[in-house]
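S.K.: Have a peek at run.cif (mmCIF, C-alpha atoms (C1' of nucleotides)).
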```
data_my_file
#
loop_
_atom_site.label_atom_id
_atom_site.label_comp_id
_atom_site.auth_asym_id
_atom_site.auth_seq_id
_atom_site.Cartn_x
_atom_site.Cartn_y
_atom_site.Cartn_z
CA MET N 1 -107.18 -100.33 29.92
CA ASN N 2 -106.48 -96.91 28.57
CA GLN N 3 -102.85 -97.30 27.60
CA THR N 4 -103.45 -100.65 26.00
CA ASN N 5 -106.09 -99.15 23.79
CA GLU N 6 -103.93 -96.20 22.90
CA LEU N 7 -101.33 -98.61 21.59
CA LYS N 8 -103.82 -100.81 19.78
CA SER N 9 -105.49 -97.92 18.06
CA SER N 10 -102.10 -96.92 16.70
CA GLY N 11 -101.65 -100.38 15.26
CA LEU N 12 -98.91 -101.25 17.73
CA LYS N 13 -98.78 -104.51 19.59
CA VAL N 14 -99.07 -104.18 23.33
CA THR N 15 -95.69 -105.06 24.77
CA LEU N 16 -94.02 -104.39 28.06
CA PRO N 17 -91.46 -101.87 26.76
CA ARG N 18 -94.17 -99.86 25.06
CA LEU N 19 -96.46 -99.86 28.08
CA LYS N 20 -93.66 -98.83 30.38
CA ILE N 21 -92.48 -96.02 28.16
CA LEU N 22 -96.00 -94.72 27.60
CA GLU N 23 -96.60 -94.83 31.33
CA LEU N 24 -93.41 -92.87 31.97
CA PHE N 25 -94.71 -89.99 29.91
CA GLN N 26 -98.34 -90.18 30.99
CA LYS N 27 -97.77 -90.65 34.69
CA ASN N 28 -96.36 -87.20 35.06
CA LEU N 29 -94.91 -87.73 38.51
CA PRO N 30 -94.39 -84.59 40.55
CA GLY N 31 -90.91 -83.29 40.02
CA ALA N 32 -90.38 -85.53 37.01
CA GLU N 33 -89.36 -83.76 33.87
CA ARG N 34 -91.95 -83.95 31.11
CA HIS N 35 -89.20 -83.75 28.51
CA LEU N 36 -87.08 -86.87 28.24
CA SER N 37 -84.30 -88.01 25.94
CA ALA N 38 -83.96 -91.58 24.75
CA ASP N 39 -81.15 -92.01 27.21
CA ASP N 40 -83.21 -90.59 30.07
CA VAL N 41 -85.97 -93.09 29.36
CA TYR N 42 -83.45 -95.92 29.06
CA LYS N 43 -81.81 -95.13 32.38
CA ILE N 44 -85.10 -94.72 34.22
CA LEU N 45 -86.32 -98.10 33.00
CA LEU N 46 -83.02 -99.78 33.85
CA GLY N 47 -83.38 -98.27 37.29
CA GLU N 48 -86.76 -99.94 37.56
CA GLN N 49 -85.10 -103.32 37.00
CA MET N 50 -86.38 -103.58 33.46
CA ASP N 51 -84.27 -105.48 30.98
CA ILE N 52 -84.51 -103.19 28.00
CA GLY N 53 -82.25 -102.21 25.13
CA LEU N 54 -81.47 -98.65 24.17
CA ALA N 55 -82.30 -99.50 20.56
CA THR N 56 -85.80 -100.47 21.62
CA VAL N 57 -86.23 -97.16 23.38
CA TYR N 58 -85.25 -95.30 20.22
CA ARG N 59 -87.58 -97.43 18.14
CA VAL N 60 -90.52 -97.01 20.48
CA LEU N 61 -90.02 -93.26 20.78
CA THR N 62 -89.95 -92.97 16.99
CA GLN N 63 -93.08 -95.06 16.65
CA PHE N 64 -94.86 -93.05 19.31
CA GLU N 65 -93.94 -89.87 17.56
CA GLN N 66 -95.28 -91.15 14.25
CA ALA N 67 -98.42 -92.29 16.02
CA GLY N 68 -98.87 -88.79 17.40
CA ILE N 69 -98.54 -89.94 20.99
CA LEU N 70 -95.31 -88.04 21.60
CA VAL N 71 -93.71 -84.94 20.14
CA ARG N 72 -90.02 -84.78 19.40
CA ARG N 73 -88.13 -81.58 20.18
CA ASN N 74 -84.71 -80.56 18.98
CA PHE N 75 -83.19 -78.17 21.43
CA GLU N 76 -79.64 -76.93 21.44
CA SER N 77 -78.51 -79.68 23.77
CA GLY N 78 -77.69 -81.88 20.80
CA LYS N 79 -80.04 -84.67 21.78
CA ALA N 80 -83.71 -84.96 21.01
CA LEU N 81 -86.24 -84.72 23.82
CA TYR N 82 -89.71 -86.20 23.74
CA GLU N 83 -92.84 -85.08 25.50
CA LEU N 84 -96.47 -86.14 25.56
CA ASN N 85 -98.50 -84.79 22.68
CA GLU N 86 -101.32 -83.00 24.41
CA GLY N 87 -102.79 -81.49 21.33
CA GLU N 88 -102.23 -77.84 21.80
CA PRO N 89 -98.95 -76.59 20.37
CA HIS N 90 -96.68 -74.66 22.67
CA ASP N 91 -93.17 -73.32 22.87
CA HIS N 92 -90.34 -73.56 25.37
CA LEU N 93 -88.23 -71.43 27.62
CA LEU N 94 -85.11 -73.27 28.76
CA CYS N 95 -82.64 -72.46 31.49
CA VAL N 96 -79.14 -72.75 30.11
CA ASN N 97 -77.80 -73.41 33.58
CA CYS N 98 -80.10 -75.96 35.23
CA GLY N 99 -81.92 -77.26 32.18
CA GLN N 100 -85.35 -76.42 33.52
CA VAL N 101 -88.01 -76.31 30.81
CA GLU N 102 -90.88 -73.86 30.98
CA GLU N 103 -93.76 -74.16 28.53
CA PHE N 104 -95.85 -71.34 27.19
CA THR N 105 -98.34 -70.53 24.48
CA ASP N 106 -98.65 -67.21 22.77
CA PRO N 107 -101.53 -66.85 20.32
CA GLN N 108 -100.15 -63.58 19.05
CA ILE N 109 -96.87 -65.17 17.99
CA TYR N 110 -98.70 -68.15 16.56
CA GLU N 111 -100.78 -65.82 14.46
CA ARG N 112 -97.76 -63.91 13.19
CA GLN N 113 -96.03 -67.13 12.24
CA THR N 114 -98.99 -68.13 10.15
CA GLU N 115 -98.99 -64.76 8.44
CA ILE N 116 -95.28 -64.93 7.73
CA ALA N 117 -95.49 -68.38 6.19
CA GLU N 118 -98.35 -67.16 4.04
CA LYS N 119 -96.45 -64.10 2.96
CA TYR N 120 -93.57 -66.25 1.72
CA GLY N 121 -95.88 -68.69 -0.01
CA TYR N 122 -95.09 -71.58 2.31
CA VAL N 123 -97.47 -74.30 3.46
CA LEU N 124 -96.51 -74.60 7.09
CA HIS N 125 -95.78 -78.06 8.51
CA GLU N 126 -94.10 -77.25 11.77
CA ARG N 127 -93.09 -74.41 14.02
CA ALA N 128 -90.32 -74.45 16.58
CA MET N 129 -89.51 -71.65 18.93
CA SER N 130 -87.23 -71.84 21.93
CA LEU N 131 -85.95 -69.16 24.24
CA TYR N 132 -82.76 -69.80 26.19
CA GLY N 133 -81.78 -67.92 29.28
CA LEU N 134 -81.18 -68.00 33.00
CA CYS N 135 -84.12 -68.84 35.21
CA ALA N 136 -84.79 -66.78 38.32
CA THR N 137 -83.21 -69.35 40.63
CA CYS N 138 -80.06 -69.65 38.59
CA GLN N 139 -79.67 -65.89 38.33
CA VAL N 140 -79.22 -65.78 42.08
CA LYS N 141 -76.83 -68.71 42.14
CA THR N 142 -74.75 -67.32 39.34
CA LYS N 143 -74.49 -63.91 40.87
CA ARG N 144 -73.08 -65.35 44.09
CA ARG N 145 -69.95 -66.70 42.42
CA MET X 1 -57.04 -56.12 3.96
CA ASN X 2 -60.45 -56.38 5.51
CA GLN X 3 -60.58 -60.09 6.25
CA THR X 4 -57.09 -60.12 7.65
CA ASN X 5 -58.02 -57.42 10.08
CA GLU X 6 -61.21 -59.14 11.06
CA LEU X 7 -59.16 -62.15 12.07
CA LYS X 8 -56.50 -60.17 13.84
CA SER X 9 -58.97 -58.17 15.85
CA SER X 10 -60.40 -61.45 17.09
CA GLY X 11 -56.98 -62.50 18.26
CA LEU X 12 -56.72 -65.21 15.62
CA LYS X 13 -53.64 -65.74 13.53
CA VAL X 14 -54.14 -65.15 9.85
CA THR X 15 -53.92 -68.53 8.18
CA LEU X 16 -55.04 -69.88 4.85
CA PRO X 17 -57.84 -72.10 6.20
CA ARG X 18 -59.28 -69.19 8.18
CA LEU X 19 -59.09 -66.76 5.29
CA LYS X 20 -60.70 -69.23 2.93
CA ILE X 21 -63.53 -70.08 5.27
CA LEU X 22 -64.19 -66.44 6.09
CA GLU X 23 -64.22 -65.64 2.40
CA LEU X 24 -66.68 -68.43 1.73
CA PHE X 25 -69.21 -66.82 4.03
CA GLN X 26 -68.49 -63.22 3.13
CA LYS X 27 -68.33 -63.63 -0.62
CA ASN X 28 -72.00 -64.43 -0.84
CA LEU X 29 -71.90 -65.76 -4.39
CA PRO X 30 -75.20 -65.64 -6.22
CA GLY X 31 -77.02 -68.90 -5.80
CA ALA X 32 -74.72 -69.94 -2.99
CA GLU X 33 -76.42 -70.85 0.23
CA ARG X 34 -75.66 -68.52 3.10
CA HIS X 35 -76.15 -71.35 5.56
CA LEU X 36 -73.40 -73.94 5.52
CA SER X 37 -72.60 -77.01 7.58
CA ALA X 38 -69.06 -77.99 8.51
CA ASP X 39 -69.22 -80.66 5.89
CA ASP X 40 -70.46 -78.22 3.25
CA VAL X 41 -67.51 -75.96 3.94
CA TYR X 42 -65.12 -78.89 3.91
CA LYS X 43 -66.36 -80.18 0.57
CA ILE X 44 -66.34 -76.76 -1.06
CA LEU X 45 -62.75 -76.17 0.00
CA LEU X 46 -61.66 -79.62 -1.13
CA GLY X 47 -63.29 -78.83 -4.46
CA GLU X 48 -61.13 -75.74 -4.66
CA GLN X 49 -58.04 -77.92 -4.43
CA MET X 50 -57.37 -76.93 -0.83
CA ASP X 51 -55.69 -79.46 1.38
CA ILE X 52 -57.72 -79.06 4.53
CA GLY X 53 -58.90 -81.33 7.34
CA LEU X 54 -62.46 -81.59 8.49
CA ALA X 55 -61.29 -81.12 12.08
CA THR X 56 -59.82 -77.77 11.14
CA VAL X 57 -63.12 -76.71 9.63
CA TYR X 58 -64.92 -77.59 12.85
CA ARG X 59 -62.32 -75.74 14.91
CA VAL X 60 -62.41 -72.65 12.75
CA LEU X 61 -66.20 -72.53 12.69
CA THR X 62 -66.28 -72.79 16.45
CA GLN X 63 -63.71 -70.04 16.84
CA PHE X 64 -65.55 -67.81 14.40
CA GLU X 65 -68.72 -68.31 16.33
CA GLN X 66 -67.05 -67.40 19.60
CA ALA X 67 -65.54 -64.36 17.92
CA GLY X 68 -68.99 -63.30 16.82
CA ILE X 69 -68.13 -63.60 13.13
CA LEU X 70 -70.54 -66.44 12.48
CA VAL X 71 -73.76 -67.62 14.05
CA ARG X 72 -74.48 -71.28 14.61
CA ARG X 73 -77.98 -72.59 13.95
CA ASN X 74 -79.46 -75.89 15.02
CA PHE X 75 -82.20 -76.83 12.65
CA GLU X 76 -84.00 -80.15 12.54
CA SER X 77 -81.61 -81.55 9.98
CA GLY X 78 -79.38 -82.88 12.72
CA LYS X 79 -76.32 -80.96 11.68
CA ALA X 80 -75.42 -77.42 12.64
CA LEU X 81 -75.42 -74.72 10.00
CA TYR X 82 -73.38 -71.53 10.19
CA GLU X 83 -74.11 -68.16 8.67
CA LEU X 84 -72.45 -64.76 8.73
CA ASN X 85 -73.30 -62.70 11.79
CA GLU X 86 -74.70 -59.55 10.34
CA GLY X 87 -75.77 -58.04 13.59
CA GLU X 88 -79.50 -58.01 13.36
CA PRO X 89 -81.16 -61.13 14.69
CA HIS X 90 -83.57 -62.91 12.40
CA ASP X 91 -85.46 -66.14 12.10
CA HIS X 92 -85.83 -68.81 9.45
CA LEU X 93 -88.39 -70.40 7.22
CA LEU X 94 -87.13 -73.69 5.81
CA CYS X 95 -88.46 -75.82 3.00
CA VAL X 96 -88.66 -79.41 4.17
CA ASN X 97 -88.41 -80.60 0.58
CA CYS X 98 -85.63 -78.64 -1.08
CA GLY X 99 -83.89 -77.24 1.97
CA GLN X 100 -84.24 -73.62 0.87
CA VAL X 101 -83.79 -71.18 3.72
CA GLU X 102 -85.75 -67.96 3.86
CA GLU X 103 -84.87 -65.31 6.44
CA PHE X 104 -87.23 -62.91 8.08
CA THR X 105 -87.48 -60.50 10.97
CA ASP X 106 -90.60 -59.78 12.92
CA PRO X 107 -90.36 -57.06 15.54
CA GLN X 108 -93.73 -57.98 16.94
CA ILE X 109 -92.64 -61.54 17.70
CA TYR X 110 -89.33 -60.29 19.04
CA GLU X 111 -91.18 -58.00 21.41
CA ARG X 112 -93.46 -60.77 22.62
CA GLN X 113 -90.50 -63.04 23.27
CA THR X 114 -88.95 -60.41 25.45
CA GLU X 115 -92.16 -60.00 27.38
CA ILE X 116 -92.56 -63.73 27.86
CA ALA X 117 -89.03 -64.17 29.20
CA GLU X 118 -89.65 -61.30 31.56
CA LYS X 119 -92.92 -62.78 32.73
CA TYR X 120 -91.20 -66.03 33.66
CA GLY X 121 -88.31 -64.24 35.35
CA TYR X 122 -85.72 -65.32 32.82
CA VAL X 123 -82.73 -63.32 31.63
CA LEU X 124 -82.79 -64.07 27.93
CA HIS X 125 -79.58 -65.23 26.27
CA GLU X 126 -80.82 -66.56 22.96
CA ARG X 127 -83.90 -66.95 20.85
CA ALA X 128 -84.45 -69.53 18.15
CA MET X 129 -87.48 -69.74 15.94
CA SER X 130 -87.81 -71.82 12.82
CA LEU X 131 -90.78 -72.52 10.63
CA TYR X 132 -90.77 -75.63 8.47
CA GLY X 133 -92.96 -76.09 5.43
CA LEU X 134 -93.17 -76.47 1.69
CA CYS X 135 -91.99 -73.55 -0.38
CA ALA X 136 -94.09 -72.36 -3.31
CA THR X 137 -91.93 -74.17 -5.86
CA CYS X 138 -92.04 -77.46 -4.03
CA GLN X 139 -95.80 -77.27 -3.55
CA VAL X 140 -96.18 -77.43 -7.31
CA LYS X 141 -93.68 -80.26 -7.69
CA THR X 142 -95.24 -82.27 -4.91
CA LYS X 143 -98.73 -81.87 -6.23
CA ARG X 144 -97.75 -83.26 -9.62
CA ARG X 145 -96.84 -86.67 -8.25
"C1'" DC O 1 -37.86 -68.94 18.03
"C1'" DT O 2 -42.30 -69.62 20.57
"C1'" DG O 3 -46.64 -70.74 20.75
"C1'" DT O 4 -50.54 -71.30 17.97
"C1'" DA O 5 -52.65 -73.86 14.02
"C1'" DT O 6 -53.06 -77.76 11.12
"C1'" DG O 7 -53.93 -82.52 9.32
"C1'" DC O 8 -54.55 -87.06 10.52
"C1'" DA O 9 -56.37 -90.62 13.17
"C1'" DA O 10 -58.81 -92.02 17.04
"C1'" DA O 11 -62.54 -91.22 20.17
"C1'" DA O 12 -66.94 -89.50 21.85
"C1'" DT O 13 -72.00 -88.80 21.19
"C1'" DC O 14 -76.26 -89.73 19.61
"C1'" DT O 15 -79.03 -92.55 16.66
"C1'" DT O 16 -80.07 -96.28 13.32
"C1'" DT O 17 -79.82 -100.93 11.44
"C1'" DG O 18 -79.08 -106.16 10.94
"C1'" DC O 19 -80.08 -110.29 12.88
"C1'" DA O 20 -81.58 -114.33 15.47
"C1'" DG O 21 -84.77 -115.49 18.77
"C1'" DC O 22 -89.21 -114.20 21.48
"C1'" DC O 23 -93.87 -112.91 22.09
"C1'" DT O 24 -98.50 -110.97 20.81
"C1'" DG O 25 -102.73 -111.65 18.68
"C1'" DC L 1 -98.41 -120.05 13.94
"C1'" DA L 2 -97.01 -115.61 11.45
"C1'" DG L 3 -95.37 -111.43 11.69
"C1'" DG L 4 -94.16 -107.98 14.50
"C1'" DC L 5 -91.00 -106.88 18.55
"C1'" DT L 6 -86.84 -107.21 21.32
"C1'" DG L 7 -81.98 -107.19 22.87
"C1'" DC L 8 -77.46 -107.18 21.38
"C1'" DA L 9 -73.85 -105.82 18.59
"C1'" DA L 10 -72.33 -103.38 14.84
"C1'" DA L 11 -72.61 -99.50 11.86
"C1'" DG L 12 -73.65 -94.46 10.77
"C1'" DA L 13 -73.45 -89.67 11.29
"C1'" DT L 14 -71.76 -85.63 13.37
"C1'" DT L 15 -68.53 -83.46 16.25
"C1'" DT L 16 -64.42 -83.41 19.41
"C1'" DT L 17 -59.75 -84.47 20.95
"C1'" DG L 18 -54.70 -86.06 21.05
"C1'" DC L 19 -50.56 -85.58 18.89
"C1'" DA L 20 -46.59 -84.56 16.04
"C1'" DT L 21 -45.45 -81.33 12.58
"C1'" DA L 22 -45.89 -76.79 10.22
"C1'" DC L 23 -46.33 -71.98 10.23
"C1'" DA L 24 -47.43 -66.97 11.79
"C1'" DG L 25 -45.72 -63.18 14.18
#
```
Taking this structure as input, can you express it in the form of structure tokens?
M.R.:
Amino acid sequence: MNQTNELKSSGLKVTLPRLKILELFQKNLPGAERHLSADDVYKILLGEQMDIGLATVYRVLTQFEQAGILVRRNFESGKALYELNEGEPHDHLLCVNCGQVEEFTDPQIYERQTEIAEKYGYVLHERAMSLYGLCATCQVKTKRR
Amino acid sequence: MNQTNELKSSGLKVTLPRLKILELFQKNLPGAERHLSADDVYKILLGEQMDIGLATVYRVLTQFEQAGILVRRNFESGKALYELNEGEPHDHLLCVNCGQVEEFTDPQIYERQTEIAEKYGYVLHERAMSLYGLCATCQVKTKRR
DNA sequence: CTGTATGCAAAATCTTTGCAGCCTG
DNA sequence: CAGGCTGCAAAGATTTTGCATACAG
């Protein structure tokens, strides 16, 4: 099984909480948000009749991040969101009204970031770029008020 | 007095805590970090023999942000940092080892961000970009270990 | 004097940690 | 069977809020 191996190769024992959480992110159900907070994950699993502790969710998410399975994002919301690590780095466009998250990649910006870090003598570890605004749908809704 | 007027024109009463906090950011002492957390501000003021409450610091920082005097930044550290709002937007390069903060502006990136938001139909409210890495000094230190 | 501002303490959030028992390998 | 894993409860860290008193205008 794919997920089982993914866990094993990260040196993690295969347990129900881990399988379920991994599945949540990999399944990618239509309409399901790719970006989930610890609490989101916790509530979803409770809703699926799982008996799980919030502490376990935090621990698993942290382990998955260290294993490179997930990526942790710090947006302005105040709570961390996790998403599947699909290799290619990307940035986010977030709607301040509905919370929708749009992903995009811009090689030109990526390139400039590298140049800037170099110019300042930094060895770059991470890049984070987020744009906040009103999505098209919410612009209409907001205007109506 | 300049600071007094800055407060008045924001509709805020001129009080000692507000003057002191404003001064802290405007003074820009050599070696002093431009980016301060609520707790940083609190500790500095306590060190100056001021009798102030942490809650007041949080309230004042929030008010200053709403008045456009300060800008709030959410870096990965988990706590918000504030800096003087000097009009022109800029981004940050942070050392993950010593916490040094380097500021930079890149019109090319700024331009691309605008284009991206437009492409996705967003009305942009805010942009946040932070690069994390090892500064030149810390690269040397780290290598020695 | 009136209403805003302050300090203190308590509460609210999000996240981490300690511990005894459970389960994987 | 050993050591990692889990749930629960408690503790931490950061930020917000309620309230009585103090102070600016």
S.K.: For chain N against chain X, with a cut-off of 10 Å and counting all atoms listed in the file, what is the closest atom pair and its distance in Å to one decimal for every residue that makes the cut, ordered by chain and number, as JSON lines?
M.R.:
```
{"residue": "N:Arg73", "atom": "CA", "partner": "X:Glu76", "partner_atom": "CA", "distance": 8.8}
{"residue": "N:Asn74", "atom": "CA", "partner": "X:Glu76", "partner_atom": "CA", "distance": 6.5}
{"residue": "N:Phe75", "atom": "CA", "partner": "X:Asn74", "partner_atom": "CA", "distance": 7.8}
{"residue": "N:Glu76", "atom": "CA", "partner": "X:Asn74", "partner_atom": "CA", "distance": 6.5}
{"residue": "N:Ser77", "atom": "CA", "partner": "X:Asn74", "partner_atom": "CA", "distance": 9.6}
{"residue": "N:Gly78", "atom": "CA", "partner": "X:Gly78", "partner_atom": "CA", "distance": 8.3}
{"residue": "N:Lys79", "atom": "CA", "partner": "X:Gly78", "partner_atom": "CA", "distance": 9.3}
{"residue": "N:Ala80", "atom": "CA", "partner": "X:Gly78", "partner_atom": "CA", "distance": 9.6}
{"residue": "N:Asp91", "atom": "CA", "partner": "X:Met129", "partner_atom": "CA", "distance": 9.7}
{"residue": "N:Leu93", "atom": "CA", "partner": "X:Ala117", "partner_atom": "CA", "distance": 7.5}
{"residue": "N:Leu94", "atom": "CA", "partner": "X:Tyr122", "partner_atom": "CA", "distance": 8.9}
{"residue": "N:Cys95", "atom": "CA", "partner": "X:Tyr122", "partner_atom": "CA", "distance": 7.9}
{"residue": "N:Val96", "atom": "CA", "partner": "X:His125", "partner_atom": "CA", "distance": 8.5}
{"residue": "N:Glu102", "atom": "CA", "partner": "X:Tyr120", "partner_atom": "CA", "distance": 8.3}
{"residue": "N:Glu103", "atom": "CA", "partner": "X:Tyr120", "partner_atom": "CA", "distance": 9.9}
{"residue": "N:Phe104", "atom": "CA", "partner": "X:Ile116", "partner_atom": "CA", "distance": 8.3}
{"residue": "N:Thr105", "atom": "CA", "partner": "X:Ile116", "partner_atom": "CA", "distance": 9.5}
{"residue": "N:Asp106", "atom": "CA", "partner": "X:Arg112", "partner_atom": "CA", "distance": 8.3}
{"residue": "N:Gln108", "atom": "CA", "partner": "X:Ile109", "partner_atom": "CA", "distance": 7.9}
{"residue": "N:Ile109", "atom": "CA", "partner": "X:Ile109", "partner_atom": "CA", "distance": 5.6}
{"residue": "N:Tyr110", "atom": "CA", "partner": "X:Ile109", "partner_atom": "CA", "distance": 9.0}
{"residue": "N:Glu111", "atom": "CA", "partner": "X:Ile109", "partner_atom": "CA", "distance": 9.8}
{"residue": "N:Arg112", "atom": "CA", "partner": "X:Ile109", "partner_atom": "CA", "distance": 7.2}
{"residue": "N:Gln113", "atom": "CA", "partner": "X:Leu131", "partner_atom": "CA", "distance": 7.7}
{"residue": "N:Thr114", "atom": "CA", "partner": "X:Leu131", "partner_atom": "CA", "distance": 9.3}
{"residue": "N:Ile116", "atom": "CA", "partner": "X:Phe104", "partner_atom": "CA", "distance": 8.3}
{"residue": "N:Ala117", "atom": "CA", "partner": "X:Leu93", "partner_atom": "CA", "distance": 7.5}
{"residue": "N:Glu118", "atom": "CA", "partner": "X:Ala136", "partner_atom": "CA", "distance": 10.0}
{"residue": "N:Tyr120", "atom": "CA", "partner": "X:Cys135", "partner_atom": "CA", "distance": 7.8}
{"residue": "N:Gly121", "atom": "CA", "partner": "X:Ala136", "partner_atom": "CA", "distance": 5.3}
{"residue": "N:Tyr122", "atom": "CA", "partner": "X:Cys135", "partner_atom": "CA", "distance": 4.6}
{"residue": "N:Val123", "atom": "CA", "partner": "X:Leu134", "partner_atom": "CA", "distance": 5.1}
{"residue": "N:Leu124", "atom": "CA", "partner": "X:Gly133", "partner_atom": "CA", "distance": 4.2}
{"residue": "N:His125", "atom": "CA", "partner": "X:Gly133", "partner_atom": "CA", "distance": 4.6}
{"residue": "N:Glu126", "atom": "CA", "partner": "X:Tyr132", "partner_atom": "CA", "distance": 5.0}
{"residue": "N:Arg127", "atom": "CA", "partner": "X:Leu131", "partner_atom": "CA", "distance": 4.5}
{"residue": "N:Ala128", "atom": "CA", "partner": "X:Ser130", "partner_atom": "CA", "distance": 5.2}
{"residue": "N:Met129", "atom": "CA", "partner": "X:Met129", "partner_atom": "CA", "distance": 4.1}
{"residue": "N:Ser130", "atom": "CA", "partner": "X:Ala128", "partner_atom": "CA", "distance": 5.2}
{"residue": "N:Leu131", "atom": "CA", "partner": "X:Arg127", "partner_atom": "CA", "distance": 4.5}
{"residue": "N:Tyr132", "atom": "CA", "partner": "X:Glu126", "partner_atom": "CA", "distance": 5.0}
{"residue": "N:Gly133", "atom": "CA", "partner": "X:Leu124", "partner_atom": "CA", "distance": 4.2}
{"residue": "N:Leu134", "atom": "CA", "partner": "X:Val123", "partner_atom": "CA", "distance": 5.1}
{"residue": "N:Cys135", "atom": "CA", "partner": "X:Tyr122", "partner_atom": "CA", "distance": 4.5}
{"residue": "N:Ala136", "atom": "CA", "partner": "X:Gly121", "partner_atom": "CA", "distance": 5.3}
{"residue": "N:Thr137", "atom": "CA", "partner": "X:Gly121", "partner_atom": "CA", "distance": 8.9}
{"residue": "N:Cys138", "atom": "CA", "partner": "X:Tyr122", "partner_atom": "CA", "distance": 9.2}
{"residue": "N:Gln139", "atom": "CA", "partner": "X:Val123", "partner_atom": "CA", "distance": 7.8}
```
S.K.: Give me, as a list of chain:residue names, the contact residues of chain O against chain N at a cut-off of 8 Å, counting only C-alpha atoms (C1' of nucleotides).
M.R.: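 Here they are: O:DC14, O:DT15, O:DT24.
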S.K.: What would the selection look like, as a compact mmCIF listing (two decimals) with C-alpha atoms (C1' of nucleotides), keeping the file's coordinate frame, if the PyMOL selection byres ((chain L) within 9 of (chain X)) were run on the coordinates I just shared?
M.R.:
```
# COMPACT_ATOMS: atom_id res chain seq x y z
C1' DT L 14 -71.76 -85.63 13.37
C1' DT L 15 -68.53 -83.46 16.25
C1' DT L 16 -64.42 -83.41 19.41
C1' DC L 23 -46.33 -71.98 10.23
C1' DA L 24 -47.43 -66.97 11.79
C1' DG L 25 -45.72 -63.18 14.18
```
S.K.: Once chain X sits on chain N after a least-squares Cα superposition, all atoms in order, what's the RMSD?
M.R.: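 RMSD over all C-alpha atoms: 0.0 Å.
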S.K.: Do you know which residues the PyMOL selection byres ((chain N and resi 72) around 10) returns on this file, as an mmCIF file with C-alpha atoms, in the coordinates of the input?
M.R.:
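The resulting file, result.cif, is shown below:
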```
data_model
loop_
_atom_site.group_PDB
_atom_site.id
_atom_site.type_symbol
_atom_site.label_atom_id
_atom_site.label_comp_id
_atom_site.auth_asym_id
_atom_site.auth_seq_id
_atom_site.Cartn_x
_atom_site.Cartn_y
_atom_site.Cartn_z
ATOM 1 C CA HIS N 35 -89.200 -83.750 28.510
ATOM 2 C CA LEU N 36 -87.080 -86.870 28.240
ATOM 3 C CA SER N 37 -84.300 -88.010 25.940
ATOM 4 C CA LEU N 61 -90.020 -93.260 20.780
ATOM 5 C CA THR N 62 -89.950 -92.970 16.990
ATOM 6 C CA PHE N 64 -94.860 -93.050 19.310
ATOM 7 C CA GLU N 65 -93.940 -89.870 17.560
ATOM 8 C CA GLN N 66 -95.280 -91.150 14.250
ATOM 9 C CA GLY N 68 -98.870 -88.790 17.400
ATOM 10 C CA LEU N 70 -95.310 -88.040 21.600
ATOM 11 C CA VAL N 71 -93.710 -84.940 20.140
ATOM 12 C CA ARG N 73 -88.130 -81.580 20.180
ATOM 13 C CA ASN N 74 -84.710 -80.560 18.980
ATOM 14 C CA PHE N 75 -83.190 -78.170 21.430
ATOM 15 C CA ALA N 80 -83.710 -84.960 21.010
ATOM 16 C CA LEU N 81 -86.240 -84.720 23.820
ATOM 17 C CA TYR N 82 -89.710 -86.200 23.740
ATOM 18 C CA GLU N 83 -92.840 -85.080 25.500
ATOM 19 C CA LEU N 84 -96.470 -86.140 25.560
ATOM 20 C CA ASN N 85 -98.500 -84.790 22.680
#
```
S.K.: So what do you get for atom CA of N:Ala32 versus atom CA of N:Glu88, distance-wise?
M.R.: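 Separation of atom CA of N:Ala32 and atom CA of N:Glu88: 20.8 Å.
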S.K.: Quote the spacing between atom C1' of O:DG25 and atom CA of N:Leu22 in Å to one decimal place.
M.R.: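 Taking atom C1' of O:DG25 and atom CA of N:Leu22, their separation equals 20.3 Å.
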S.K.: Evaluating the PyMOL selection byres ((chain L and resi 5) around 12) on the displayed file yields which residues, as an mmCIF file with C-alpha atoms (C1' of nucleotides), in the frame of the given file?
M.R.:
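Generated output (result-v6.cif):
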```
data_model
loop_
_atom_site.group_PDB
_atom_site.id
_atom_site.type_symbol
_atom_site.label_atom_id
_atom_site.label_comp_id
_atom_site.auth_asym_id
_atom_site.auth_seq_id
_atom_site.Cartn_x
_atom_site.Cartn_y
_atom_site.Cartn_z
ATOM 1 C CA LEU N 12 -98.910 -101.250 17.730
ATOM 2 C CA LYS N 13 -98.780 -104.510 19.590
ATOM 3 C CA VAL N 14 -99.070 -104.180 23.330
ATOM 4 C CA THR N 15 -95.690 -105.060 24.770
ATOM 5 C CA LEU N 16 -94.020 -104.390 28.060
ATOM 6 C CA PRO N 17 -91.460 -101.870 26.760
ATOM 7 C CA ARG N 18 -94.170 -99.860 25.060
ATOM 8 C CA GLY N 53 -82.250 -102.210 25.130
ATOM 9 C CA ALA N 55 -82.300 -99.500 20.560
ATOM 10 C CA THR N 56 -85.800 -100.470 21.620
ATOM 11 C CA VAL N 57 -86.230 -97.160 23.380
ATOM 12 C CA ARG N 59 -87.580 -97.430 18.140
ATOM 13 C CA VAL N 60 -90.520 -97.010 20.480
ATOM 14 C "C1'" DG O 21 -84.770 -115.490 18.770
ATOM 15 C "C1'" DC O 22 -89.210 -114.200 21.480
ATOM 16 C "C1'" DC O 23 -93.870 -112.910 22.090
ATOM 17 C "C1'" DT O 24 -98.500 -110.970 20.810
ATOM 18 C "C1'" DG L 3 -95.370 -111.430 11.690
ATOM 19 C "C1'" DG L 4 -94.160 -107.980 14.500
ATOM 20 C "C1'" DT L 6 -86.840 -107.210 21.320
ATOM 21 C "C1'" DG L 7 -81.980 -107.190 22.870
#
```
S.K.: Figure out the distance between atom CA of X:Asn2 and atom CA of X:Gln26, please, to one decimal in Å.
M.R.: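 Distance between the two atoms: 10.8 Å.
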